[in-house]
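model14.pdb, holding PDB, C-alpha atoms and all ligand atoms:
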ATOM      1  CA  MET U 227       0.000   0.000   0.000
ATOM      2  CA  ALA U 228       1.112   3.524  -0.564
ATOM      3  CA  MET U 229       1.759   5.053   2.819
ATOM      4  CA  THR U 230       1.084   8.760   2.999
ATOM      5  CA  GLY U 231      -0.488  10.288   6.132
ATOM      6  CA  VAL U 232       0.514   8.750   9.457
ATOM      7  CA  LEU U 233       3.488   6.409   9.022
ATOM      8  CA  ARG U 234       4.019   4.717  12.377
ATOM      9  CA  PRO U 235       4.254   5.089  16.140
ATOM     10  CA  GLY U 236       7.501   6.995  16.538
ATOM     11  CA  HIS U 237       7.958   7.524  20.249
ATOM     12  CA  ALA U 238       6.521   6.927  23.686
ATOM     13  CA  GLN U 239       7.551   8.922  26.758
ATOM     14  CA  ILE U 240       7.367   6.519  29.687
ATOM     15  CA  ARG U 241       7.417   7.637  33.325
ATOM     16  CA  VAL U 242       9.742   5.669  35.575
ATOM     17  CA  MET U 243      10.117   6.137  39.299
ATOM     18  CA  ASP U 244      13.872   5.499  39.371
ATOM     19  CA  LEU U 245      15.704   6.656  36.276
ATOM     20  CA  ASP U 246      18.790   4.508  36.842
ATOM     21  CA  GLU U 247      16.663   1.390  37.275
ATOM     22  CA  GLY U 248      14.681   2.335  34.184
ATOM     23  CA  VAL U 249      17.802   2.817  32.091
ATOM     24  CA  ARG U 250      19.194  -0.479  33.329
ATOM     25  CA  HIS U 251      15.973  -2.200  32.286
ATOM     26  CA  TYR U 252      15.452  -0.673  28.835
ATOM     27  CA  ARG U 253      19.104  -0.239  27.840
ATOM     28  CA  ASP U 254      21.084  -2.936  29.611
ATOM     29  CA  ILE U 255      18.535  -5.765  29.881
ATOM     30  CA  MET U 256      16.233  -5.154  26.912
ATOM     31  CA  GLY U 257      19.156  -3.944  24.805
ATOM     32  CA  LEU U 258      17.944  -0.617  23.432
ATOM     33  CA  GLU U 259      20.658   1.863  22.535
ATOM     34  CA  GLU U 260      20.920   5.083  24.551
ATOM     35  CA  THR U 261      21.062   7.961  22.066
ATOM     36  CA  GLY U 262      20.914  11.020  24.304
ATOM     37  CA  ARG U 263      19.974  12.830  27.500
ATOM     38  CA  ASP U 264      18.399  16.272  27.659
ATOM     39  CA  SER U 265      18.481  19.194  30.081
ATOM     40  CA  HIS U 266      15.319  17.892  31.786
ATOM     41  CA  GLY U 267      17.112  14.650  32.601
ATOM     42  CA  ARG U 268      15.141  12.598  30.100
ATOM     43  CA  VAL U 269      16.905   9.583  28.577
ATOM     44  CA  TYR U 270      16.419   8.752  24.888
ATOM     45  CA  LEU U 271      16.692   5.227  23.493
ATOM     46  CA  LYS U 272      16.142   3.420  20.208
ATOM     47  CA  CYS U 273      15.710  -0.190  19.142
ATOM     48  CA  ARG U 274      18.276  -1.825  16.916
ATOM     49  CA  ASP U 275      16.453  -1.668  13.578
ATOM     50  CA  GLU U 276      14.972   1.788  14.009
ATOM     51  CA  ILE U 277      16.354   4.538  11.815
ATOM     52  CA  ASP U 278      15.262   7.636  13.741
ATOM     53  CA  HIS U 279      17.038   9.080  16.774
ATOM     54  CA  HIS U 280      14.776   7.608  19.461
ATOM     55  CA  SER U 281      11.564   5.733  20.104
ATOM     56  CA  VAL U 282      11.548   5.485  23.898
ATOM     57  CA  ILE U 283      11.988   8.439  26.218
ATOM     58  CA  LEU U 284      12.284   7.802  29.957
ATOM     59  CA  ARG U 285      11.283  10.526  32.390
ATOM     60  CA  GLN U 286      11.704  10.187  36.132
ATOM     61  CA  ALA U 287       8.460  10.922  37.972
ATOM     62  CA  ASP U 288       6.720  10.002  41.201
ATOM     63  CA  ARG U 289       4.262   7.722  39.417
ATOM     64  CA  ALA U 290       4.601   5.287  36.552
ATOM     65  CA  GLY U 291       2.688   5.521  33.264
ATOM     66  CA  LEU U 292       2.823   7.240  29.930
ATOM     67  CA  ASP U 293       3.227  10.961  29.209
ATOM     68  CA  PHE U 294       2.467  10.798  25.470
ATOM     69  CA  VAL U 295       2.713   8.770  22.271
ATOM     70  CA  GLY U 296       4.035  10.345  19.066
ATOM     71  CA  PHE U 297       3.260   9.258  15.509
ATOM     72  CA  LYS U 298       5.496  10.191  12.602
ATOM     73  CA  VAL U 299       3.709  11.627   9.563
ATOM     74  CA  LEU U 300       4.984  11.836   6.002
ATOM     75  CA  ASN U 301       6.113  15.478   5.910
ATOM     76  CA  LYS U 302       5.439  18.985   7.217
ATOM     77  CA  ALA U 303       2.580  19.624   4.787
ATOM     78  CA  THR U 304       0.894  16.468   6.075
ATOM     79  CA  LEU U 305       1.418  17.679   9.644
ATOM     80  CA  ASP U 306      -0.255  21.012   8.814
ATOM     81  CA  THR U 307      -3.165  19.216   7.164
ATOM     82  CA  PHE U 308      -3.720  16.910  10.131
ATOM     83  CA  GLU U 309      -3.566  19.870  12.520
ATOM     84  CA  ALA U 310      -6.277  21.668  10.517
ATOM     85  CA  ASN U 311      -8.386  18.520  10.266
ATOM     86  CA  LEU U 312      -8.153  17.827  14.012
ATOM     87  CA  ARG U 313      -9.293  21.399  14.719
ATOM     88  CA  ASP U 314     -12.104  21.146  12.176
ATOM     89  CA  TYR U 315     -13.201  17.994  13.960
ATOM     90  CA  GLY U 316     -13.454  20.031  17.170
ATOM     91  CA  LEU U 317     -10.312  19.053  19.015
ATOM     92  CA  LEU U 318      -7.910  21.487  20.634
ATOM     93  CA  THR U 319      -4.371  21.192  19.320
ATOM     94  CA  GLU U 320      -1.105  22.557  20.623
ATOM     95  CA  ARG U 321       2.217  23.029  18.832
ATOM     96  CA  VAL U 322       5.222  21.843  20.830
ATOM     97  CA  PRO U 323       8.320  23.643  19.533
ATOM     98  CA  ALA U 324      11.079  21.909  17.606
ATOM     99  CA  GLY U 325      13.894  20.831  19.893
ATOM    100  CA  ASP U 326      11.667  20.196  22.916
ATOM    101  CA  LEU U 327      12.495  16.558  22.271
ATOM    102  CA  LEU U 328      16.074  16.011  21.134
ATOM    103  CA  GLU U 329      16.538  15.807  17.344
ATOM    104  CA  THR U 330      12.790  16.237  16.789
ATOM    105  CA  GLY U 331      10.844  18.885  14.886
ATOM    106  CA  GLU U 332       7.600  20.582  15.823
ATOM    107  CA  ARG U 333       4.900  18.331  17.238
ATOM    108  CA  VAL U 334       1.147  18.780  17.051
ATOM    109  CA  ARG U 335      -0.403  17.501  20.270
ATOM    110  CA  PHE U 336      -3.993  16.754  21.185
ATOM    111  CA  GLU U 337      -5.784  14.938  23.983
ATOM    112  CA  THR U 338      -8.087  12.037  23.178
ATOM    113  CA  PRO U 339     -11.460  11.602  24.927
ATOM    114  CA  SER U 340      -9.758   8.682  26.692
ATOM    115  CA  GLY U 341      -7.386  11.127  28.388
ATOM    116  CA  HIS U 342      -4.221  10.343  26.420
ATOM    117  CA  LEU U 343      -1.857  12.844  24.856
ATOM    118  CA  ILE U 344      -1.178  11.967  21.223
ATOM    119  CA  GLU U 345       1.358  13.821  19.095
ATOM    120  CA  LEU U 346       2.091  14.011  15.394
ATOM    121  CA  TYR U 347       5.450  15.104  14.055
ATOM    122  CA  ALA U 348       7.152  15.138  10.676
ATOM    123  CA  GLU U 349      10.839  15.469  11.475
ATOM    124  CA  LYS U 350      13.274  13.476  13.574
ATOM    125  CA  THR U 351      16.950  13.046  12.822
ATOM    126  CA  ALA U 352      17.712   9.769  11.068
ATOM    127  CA  VAL U 353      20.704   8.181  12.789
ATOM    128  CA  GLY U 354      20.452   4.825  10.998
ATOM    129  CA  ASN U 355      20.526   1.235  12.197
ATOM    130  CA  ARG U 356      24.308   0.663  11.820
ATOM    131  CA  CYS U 357      23.668  -1.517   8.758
ATOM    132  CA  GLY U 358      24.418   1.168   6.171
ATOM    133  CA  VAL U 359      22.324   2.184   3.180
ATOM    134  CA  ILE U 360      24.555   0.969   0.341
ATOM    135  CA  ASN U 361      24.966  -2.805   0.203
ATOM    136  CA  PRO U 362      23.586  -2.882   3.752
ATOM    137  CA  LEU U 363      24.119  -5.553   6.372
ATOM    138  CA  PRO U 364      21.043  -7.602   7.301
ATOM    139  CA  TRP U 365      21.775  -6.807  10.943
ATOM    140  CA  SER U 366      24.577  -5.105  12.769
ATOM    141  CA  PRO U 367      26.722  -7.175  15.143
ATOM    142  CA  ASP U 368      27.236  -3.963  17.142
ATOM    143  CA  SER U 369      23.547  -3.671  17.960
ATOM    144  CA  ILE U 370      22.625  -7.144  19.207
ATOM    145  CA  ARG U 371      22.385  -6.853  22.992
ATOM    146  CA  GLY U 372      19.955  -8.189  25.570
ATOM    147  CA  MET U 373      16.495  -8.980  24.211
ATOM    148  CA  ALA U 374      17.384  -6.989  21.073
ATOM    149  CA  PRO U 375      13.937  -5.907  19.846
ATOM    150  CA  LEU U 376      13.714  -4.522  16.319
ATOM    151  CA  ARG U 377      11.395  -1.601  17.000
ATOM    152  CA  LEU U 378       8.749  -0.033  19.197
ATOM    153  CA  ASP U 379       5.768  -1.733  17.580
ATOM    154  CA  HIS U 380       2.499  -0.591  19.165
ATOM    155  CA  ILE U 381       0.911   0.659  22.360
ATOM    156  CA  LEU U 382      -2.268  -0.387  24.193
ATOM    157  CA  LEU U 383      -3.953   2.375  26.176
ATOM    158  CA  TYR U 384      -6.832   2.135  28.658
ATOM    159  CA  GLY U 385      -9.402   4.897  29.161
ATOM    160  CA  PRO U 386     -13.031   5.952  28.666
ATOM    161  CA  ASN U 387     -14.903   6.991  25.487
ATOM    162  CA  ILE U 388     -13.104   4.670  23.091
ATOM    163  CA  ALA U 389     -15.933   4.913  20.542
ATOM    164  CA  GLU U 390     -15.011   8.591  20.202
ATOM    165  CA  VAL U 391     -11.307   7.744  20.066
ATOM    166  CA  GLN U 392     -12.007   5.275  17.255
ATOM    167  CA  LYS U 393     -13.730   8.015  15.255
ATOM    168  CA  ILE U 394     -10.758  10.368  15.619
ATOM    169  CA  PHE U 395      -8.213   7.769  14.562
ATOM    170  CA  THR U 396     -10.256   6.401  11.663
ATOM    171  CA  LYS U 397     -12.030   9.505  10.344
ATOM    172  CA  VAL U 398      -9.359  12.153  10.964
ATOM    173  CA  LEU U 399      -6.032  10.302  11.055
ATOM    174  CA  GLY U 400      -6.802   7.634   8.450
ATOM    175  CA  PHE U 401      -6.312   4.525  10.581
ATOM    176  CA  ASN U 402      -8.229   1.286   9.906
ATOM    177  CA  LEU U 403     -10.032  -0.745  12.512
ATOM    178  CA  VAL U 404      -8.361  -4.163  12.209
ATOM    179  CA  GLU U 405      -9.801  -6.148  15.114
ATOM    180  CA  ARG U 406     -12.120  -5.520  18.024
ATOM    181  CA  VAL U 407     -13.291  -7.225  21.181
ATOM    182  CA  LEU U 408     -16.934  -6.666  22.098
ATOM    183  CA  SER U 409     -18.142  -5.634  25.535
ATOM    184  CA  PRO U 410     -19.670  -8.415  27.704
ATOM    185  CA  ASP U 411     -23.194  -7.441  26.568
ATOM    186  CA  GLY U 412     -22.065  -7.350  22.940
ATOM    187  CA  THR U 413     -23.395  -3.866  22.279
ATOM    188  CA  GLN U 414     -20.143  -1.943  21.900
ATOM    189  CA  ASN U 415     -16.434  -2.291  21.393
ATOM    190  CA  MET U 416     -14.410  -2.972  24.535
ATOM    191  CA  ILE U 417     -10.997  -3.106  22.854
ATOM    192  CA  ILE U 418     -10.132  -1.677  19.426
ATOM    193  CA  PHE U 419      -7.007  -2.452  17.402
ATOM    194  CA  MET U 420      -6.203   0.140  14.739
ATOM    195  CA  SER U 421      -3.502   0.353  12.100
ATOM    196  CA  CYS U 422      -2.080   3.091   9.899
ATOM    197  CA  SER U 423      -0.090   0.446   7.990
ATOM    198  CA  ILE U 424      -0.506  -3.282   7.386
ATOM    199  CA  LYS U 425       0.513  -4.121  10.939
ATOM    200  CA  SER U 426      -2.123  -5.906  13.039
ATOM    201  CA  HIS U 427      -2.159  -2.762  15.155
ATOM    202  CA  ASP U 428      -0.185   0.436  15.520
ATOM    203  CA  ILE U 429      -2.297   1.479  18.495
ATOM    204  CA  ALA U 430      -5.059  -0.083  20.543
ATOM    205  CA  PHE U 431      -7.479   1.260  23.132
ATOM    206  CA  ALA U 432      -9.500  -0.565  25.772
ATOM    207  CA  ASP U 433     -12.528   0.802  27.587
ATOM    208  CA  TYR U 434     -11.647   1.622  31.192
ATOM    209  CA  PRO U 435     -13.170   4.037  33.687
ATOM    210  CA  GLU U 436      -9.946   5.885  34.553
ATOM    211  CA  PRO U 437      -8.510   8.122  31.824
ATOM    212  CA  GLY U 438      -4.972   8.241  30.506
ATOM    213  CA  LYS U 439      -3.798   4.777  31.483
ATOM    214  CA  LEU U 440      -1.021   2.707  29.890
ATOM    215  CA  HIS U 441      -1.534  -1.018  29.439
ATOM    216  CA  HIS U 442       1.699  -1.766  27.592
ATOM    217  CA  CYS U 443       4.313  -0.640  25.118
ATOM    218  CA  SER U 444       5.147  -3.452  22.716
ATOM    219  CA  PHE U 445       8.495  -4.223  21.143
ATOM    220  CA  LEU U 446       8.789  -6.239  17.954
ATOM    221  CA  MET U 447      11.058  -9.277  18.020
ATOM    222  CA  GLU U 448      12.542 -10.819  14.911
ATOM    223  CA  SER U 449      11.168 -14.307  15.562
ATOM    224  CA  TRP U 450       9.168 -16.465  17.962
ATOM    225  CA  GLU U 451      12.525 -17.861  19.103
ATOM    226  CA  ASP U 452      13.567 -14.310  19.983
ATOM    227  CA  VAL U 453      10.408 -13.933  22.099
ATOM    228  CA  LEU U 454      11.446 -17.081  24.007
ATOM    229  CA  HIS U 455      15.026 -15.784  24.241
ATOM    230  CA  ALA U 456      13.642 -12.585  25.752
ATOM    231  CA  GLY U 457      11.797 -14.796  28.251
ATOM    232  CA  ASP U 458      15.101 -16.404  29.229
ATOM    233  CA  ILE U 459      16.550 -12.944  29.828
ATOM    234  CA  MET U 460      13.507 -11.958  31.902
ATOM    235  CA  SER U 461      14.066 -15.018  34.087
ATOM    236  CA  MET U 462      17.814 -14.454  34.404
ATOM    237  CA  ASN U 463      17.102 -10.895  35.584
ATOM    238  CA  LYS U 464      14.103 -11.854  37.742
ATOM    239  CA  ILE U 465      11.804  -9.578  35.731
ATOM    240  CA  PRO U 466       8.205 -10.247  36.812
ATOM    241  CA  VAL U 467       6.227 -11.817  33.950
ATOM    242  CA  ASP U 468       2.502 -11.203  33.545
ATOM    243  CA  ILE U 469       1.416 -13.527  30.693
ATOM    244  CA  GLY U 470       3.192 -15.873  28.319
ATOM    245  CA  PRO U 471       5.069 -16.990  26.414
ATOM    246  CA  THR U 472       1.950 -17.636  24.368
ATOM    247  CA  ARG U 473       0.074 -16.481  21.306
ATOM    248  CA  HIS U 474      -2.767 -13.979  21.366
ATOM    249  CA  GLY U 475      -5.741 -15.186  19.348
ATOM    250  CA  VAL U 476      -6.504 -11.516  18.778
ATOM    251  CA  THR U 477      -3.947 -10.254  16.213
ATOM    252  CA  ARG U 478      -2.285 -13.750  16.311
ATOM    253  CA  GLY U 479       0.795 -12.139  17.850
ATOM    254  CA  CYS U 480       3.266 -14.247  19.864
ATOM    255  CA  THR U 481       3.892 -12.568  23.172
ATOM    256  CA  ILE U 482       5.269 -12.233  26.639
ATOM    257  CA  TYR U 483       3.884  -9.486  28.887
ATOM    258  CA  ALA U 484       6.147  -8.416  31.734
ATOM    259  CA  TRP U 485       6.746  -5.389  33.948
ATOM    260  CA  ASP U 486       9.556  -2.869  34.073
ATOM    261  CA  PRO U 487      10.951  -1.897  37.509
ATOM    262  CA  SER U 488       8.326   0.874  37.870
ATOM    263  CA  GLY U 489       5.428  -1.459  37.078
ATOM    264  CA  ASN U 490       4.881  -0.359  33.479
ATOM    265  CA  ARG U 491       3.896  -3.405  31.446
ATOM    266  CA  PHE U 492       5.910  -4.067  28.305
ATOM    267  CA  GLU U 493       5.547  -6.733  25.636
ATOM    268  CA  THR U 494       8.011  -8.697  23.558
ATOM    269  CA  PHE U 495       5.999  -9.491  20.453
ATOM    270  CA  LYS U 496       6.251 -11.262  17.127
ATOM    271  CA  GLU U 497       3.788 -10.027  14.518
ATOM    272  CA  ASP U 498       1.927 -12.777  12.699
ATOM    273  CA  ARG U 499      -0.769 -11.000  10.712
ATOM    274  CA  GLN U 500      -0.698  -8.346   8.006
ATOM    275  CA  PRO U 501      -4.167  -6.998   7.240
ATOM    276  CA  TYR U 502      -4.704  -4.793   4.213
ATOM    277  CA  PRO U 503      -7.044  -1.823   4.484
ATOM    278  CA  ASP U 504      -9.739  -3.547   2.397
ATOM    279  CA  HIS U 505      -9.973  -6.516   4.773
ATOM    280  CA  GLU U 506     -13.055  -6.735   6.952
ATOM    281  CA  PRO U 507     -12.292  -6.096  10.654
ATOM    282  CA  LEU U 508     -12.212  -9.242  12.805
ATOM    283  CA  THR U 509     -14.556  -9.406  15.791
ATOM    284  CA  TRP U 510     -14.085 -11.270  19.067
ATOM    285  CA  THR U 511     -16.870 -11.713  21.583
ATOM    286  CA  PHE U 512     -15.977 -10.991  25.212
ATOM    287  CA  ASP U 513     -16.314 -14.672  26.168
ATOM    288  CA  ALA U 514     -13.872 -15.639  23.431
ATOM    289  CA  LEU U 515     -11.271 -13.227  24.808
ATOM    290  CA  GLY U 516     -10.943 -15.824  27.582
ATOM    291  CA  ASP U 517     -12.113 -19.319  26.693
ATOM    292  CA  GLY U 518     -11.788 -18.744  22.961
ATOM    293  CA  GLY U 519      -8.119 -17.926  23.357
ATOM    294  CA  GLY U 520      -8.386 -14.299  22.309
ATOM    295  CA  LEU U 521      -5.941 -13.245  24.979
ATOM    296  CA  ASP U 522      -4.028 -16.488  25.535
ATOM    297  CA  TYR U 523      -4.532 -18.968  22.723
ATOM    298  CA  VAL U 524      -2.502 -21.711  24.416
ATOM    299  CA  GLN U 525      -4.228 -21.658  27.798
ATOM    300  CA  ARG U 526      -7.616 -20.305  26.652
ATOM    301  CA  LYS U 527      -8.171 -18.286  29.782
ATOM    302  CA  LEU U 528      -8.737 -14.680  30.670
ATOM    303  CA  HIS U 529      -5.957 -13.485  32.925
ATOM    304  CA  GLU U 530      -7.467 -11.040  35.421
ATOM    305  CA  SER U 531      -4.349  -8.865  35.321
ATOM    306  CA  PHE U 532      -4.989  -8.043  31.645
ATOM    307  CA  LEU U 533      -8.193  -6.222  32.557
ATOM    308  CA  THR U 534      -7.157  -4.652  35.843
ATOM    309  CA  ILE U 535      -3.452  -3.723  36.036
ATOM    310  CA  VAL U 536      -2.439  -0.519  34.290
ATOM    311  CA  THR U 537      -0.163   2.410  35.045
TER     312      THR U 537
HETATM  313 FE    FE D   1       0.513  -5.722  22.397
END
Take the structure from the file and write it as structure tokens.
Ligand SMILES: [Fe+2]
Amino acid sequence: MAMTGVLRPGHAQIRVMDLDEGVRHYRDIMGLEETGRDSHGRVYLKCRDEIDHHSVILRQADRAGLDFVGFKVLNKATLDTFEANLRDYGLLTERVPAGDLLETGERVRFETPSGHLIELYAEKTAVGNRCGVINPLPWSPDSIRGMAPLRLDHILLYGPNIAEVQKIFTKVLGFNLVERVLSPDGTQNMIIFMSCSIKSHDIAFADYPEPGKLHHCSFLMESWEDVLHAGDIMSMNKIPVDIGPTRHGVTRGCTIYAWDPSGNRFETFKEDRQPYPDHEPLTWTFDALGDGGGLDYVQRKLHESFLTIVT
């Protein structure tokens, strides 16, 4: 497909309660590369196959969670168009100046009815993946460390009013609804998985009474074996695991959910489905999220933590 408007999730600013512990987790154990620190004390990291300067920003705070998610758009004209369209839709937008995040241009920020700050930006310095661009390496020996994820893949957020959020992402930002889980009474969507590409999801939202909550940031692994290898590293480092290794029925992704030292859930994930925009969205009933294997296809059970633990 020709990709034009929103390209991909480009960054997530995660709150950690101890910066050194957070850096040890994301850099030394997961294996992201530290690419900078700013005057506010924020630490910038990237995954090994990402081209742009950073995808994860850690900020020390007194509570865990997510400050914002940023999506990269095609160019500055596209950014201007989305800003106008968001305003026409009735949302307030704010321009965050270039340079507020290291190596990043102006960002257009808005708050979703679920209480999350979403940003769009067109410019971030490309630092490369150490493979080169002429006769490139398939992977760089210098960048394989720890769990060695390829990229920040997607984010699942919990909050209210997700029907409204779905409208903003699909009608204004051009995302497609790829899969959904129905509420227990079957009358509305409880979880929505949306894509701006042919990934099974670039962002997902689940209905939840408290606004602005983070369920997990997901990191793409190169293979199912790499998901299991990440599980070995979790065990060696006594990282608490939530669910897995298993496969989600929803999105078919292979997964382990675990928690960083501040209690933010993260996922090591292997994509296994590539929906095109003309494909009909897949629907899961609430019952099938549990005994139909929607959440855990191997065990076919609904883990309570999936619905209740967020930061
Ligand atoms: Fe996920």
Test item: residues lying within 7 Å of ligand FE 1 (chain D) with all atoms listed in the file, as a ChimeraX atom specification: /U:380-382,442-444,493,495
Taking a cut-off of 10 Å and counting only C-alpha atoms, can you build a table that, for each residue of stretch 326-348 of chain U near stretch 260-277 of chain U, reports the nearest atom pair and how far apart they are in Å (one decimal), sorted by chain then residue number, as a tab-separated table?
residue	atom	partner	partner_atom	distance
U:Asp326	CA	U:Asp264	CA	9.1
U:Leu327	CA	U:Asp264	CA	8.0
U:Leu328	CA	U:Asp264	CA	6.9
U:Glu329	CA	U:Gly262	CA	9.5
Pick from U:Pro375, U:Gly291, U:Gly236, U:Gly331, whichever lies nearest to U:Ser488 using all atoms listed in the file: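 Checking each of U:Pro375, U:Gly291, U:Gly236, U:Gly331 against U:Ser488, counting all atoms listed in the file, the winner is U:Gly291.
Checking U:Ala484, U:Leu515, U:Val334, U:Ile370 one by one against U:Ile417, counting all atoms listed in the file, you find the shortest gap at U:Leu515.
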Selected residue, from U:Gly231, U:Thr534, U:Gly248, U:Arg335, that lies nearest to U:Ala290 when counting all atoms listed in the file: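 For U:Ala290, the nearest of the candidates is U:Gly248.
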Counting all atoms listed in the file, which residues of stretch 325-392 of chain U sit at most 12 Å from some atom of stretch 405-412 of chain U, and what is each one's closest atom pair with its distance in Å to one decimal, listed by chain and rising residue number, as CSV?
residue,atom,partner,partner_atom,distance
U:Ile388,CA,U:Arg406,CA,11.4
U:Ala389,CA,U:Arg406,CA,11.4
U:Gln392,CA,U:Arg406,CA,10.8
Dump of C-alpha atoms for the selected residues, as a compact mmCIF listing (two decimals), in the coordinates of the input:
# COMPACT_ATOMS: atom_id res chain seq x y z
CA ILE U 388 -13.10 4.67 23.09
CA ALA U 389 -15.93 4.91 20.54
CA GLN U 392 -12.01 5.28 17.26
Could you work out an axis-aligned bounding box for all listed atoms of stretch 379-391 of chain U, with 8 Å added on each of the six sides, and give its centre and edge lengths in Å to one decimal, as AutoDock Vina command-line options?
--center_x -5.1 --center_y 3.4 --center_z 23.4 --size_x 37.7 --size_y 26.3 --size_z 27.6
Selected residue, from U:His280, U:Lys425, U:His455, U:Lys464, that lies nearest to U:Trp485 when counting only C-alpha atoms: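 Smallest separation from U:Trp485 among the options: U:Lys464.
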Long-range neighbours of U:His251 as a list of chain:residue names, 8 Å cut-off, all atoms listed in the file, 5 positions minimum in chain: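 The residues that qualify are U:Met256, U:Asp486, U:Pro487.
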Selection result for the PyMOL selection byres (((chain U and resi 514) around 10) and not hetatm) on this file, as a VMD selection string: chain U and resid 407 to 408 475 to 476 509 to 513 515 to 521 523 526 to 528
U:Phe336, U:Trp450, U:Tyr252, U:Phe532 ranked by distance to U:Phe297, top pick (using all atoms listed in the file): U:Phe336
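The shortest atom-to-atom distance to U:Val242, with only C-alpha atoms taken into account, belongs to U:Arg491 out of U:Ser421, U:Tyr347, U:Leu508, U:Arg491.
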Target residues per the PyMOL selection byres (((chain U and resi 368) around 10) and not hetatm), formatted as a PyMOL selection string: chain U and resi 274+355-357+365-367+369-371
Atomic separation - atom CA of U:Ile344 relative to atom CA of U:Gln414, Å: 23.5 Å
Matched chain/residue IDs from the PyMOL selection byres (((chain U and resi 305) around 9) and not hetatm), as a PyMOL selection string: chain U and resi 231-232+299-304+306-310+333-334+346-348
For atom CA of U:Glu530 and atom CA of U:Asp433, the interatomic separation in Å (one decimal):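 Rounded to one decimal, the two atoms are 15.1 Å apart.
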Contacts of U:Cys422 within 7 Å, only C-alpha atoms, excl. fewer than 5 positions in-chain, as a list of chain:residue names: U:Val232, U:Leu233, U:Arg234, U:Gly400, U:Phe401, U:Asn402, U:Asp428
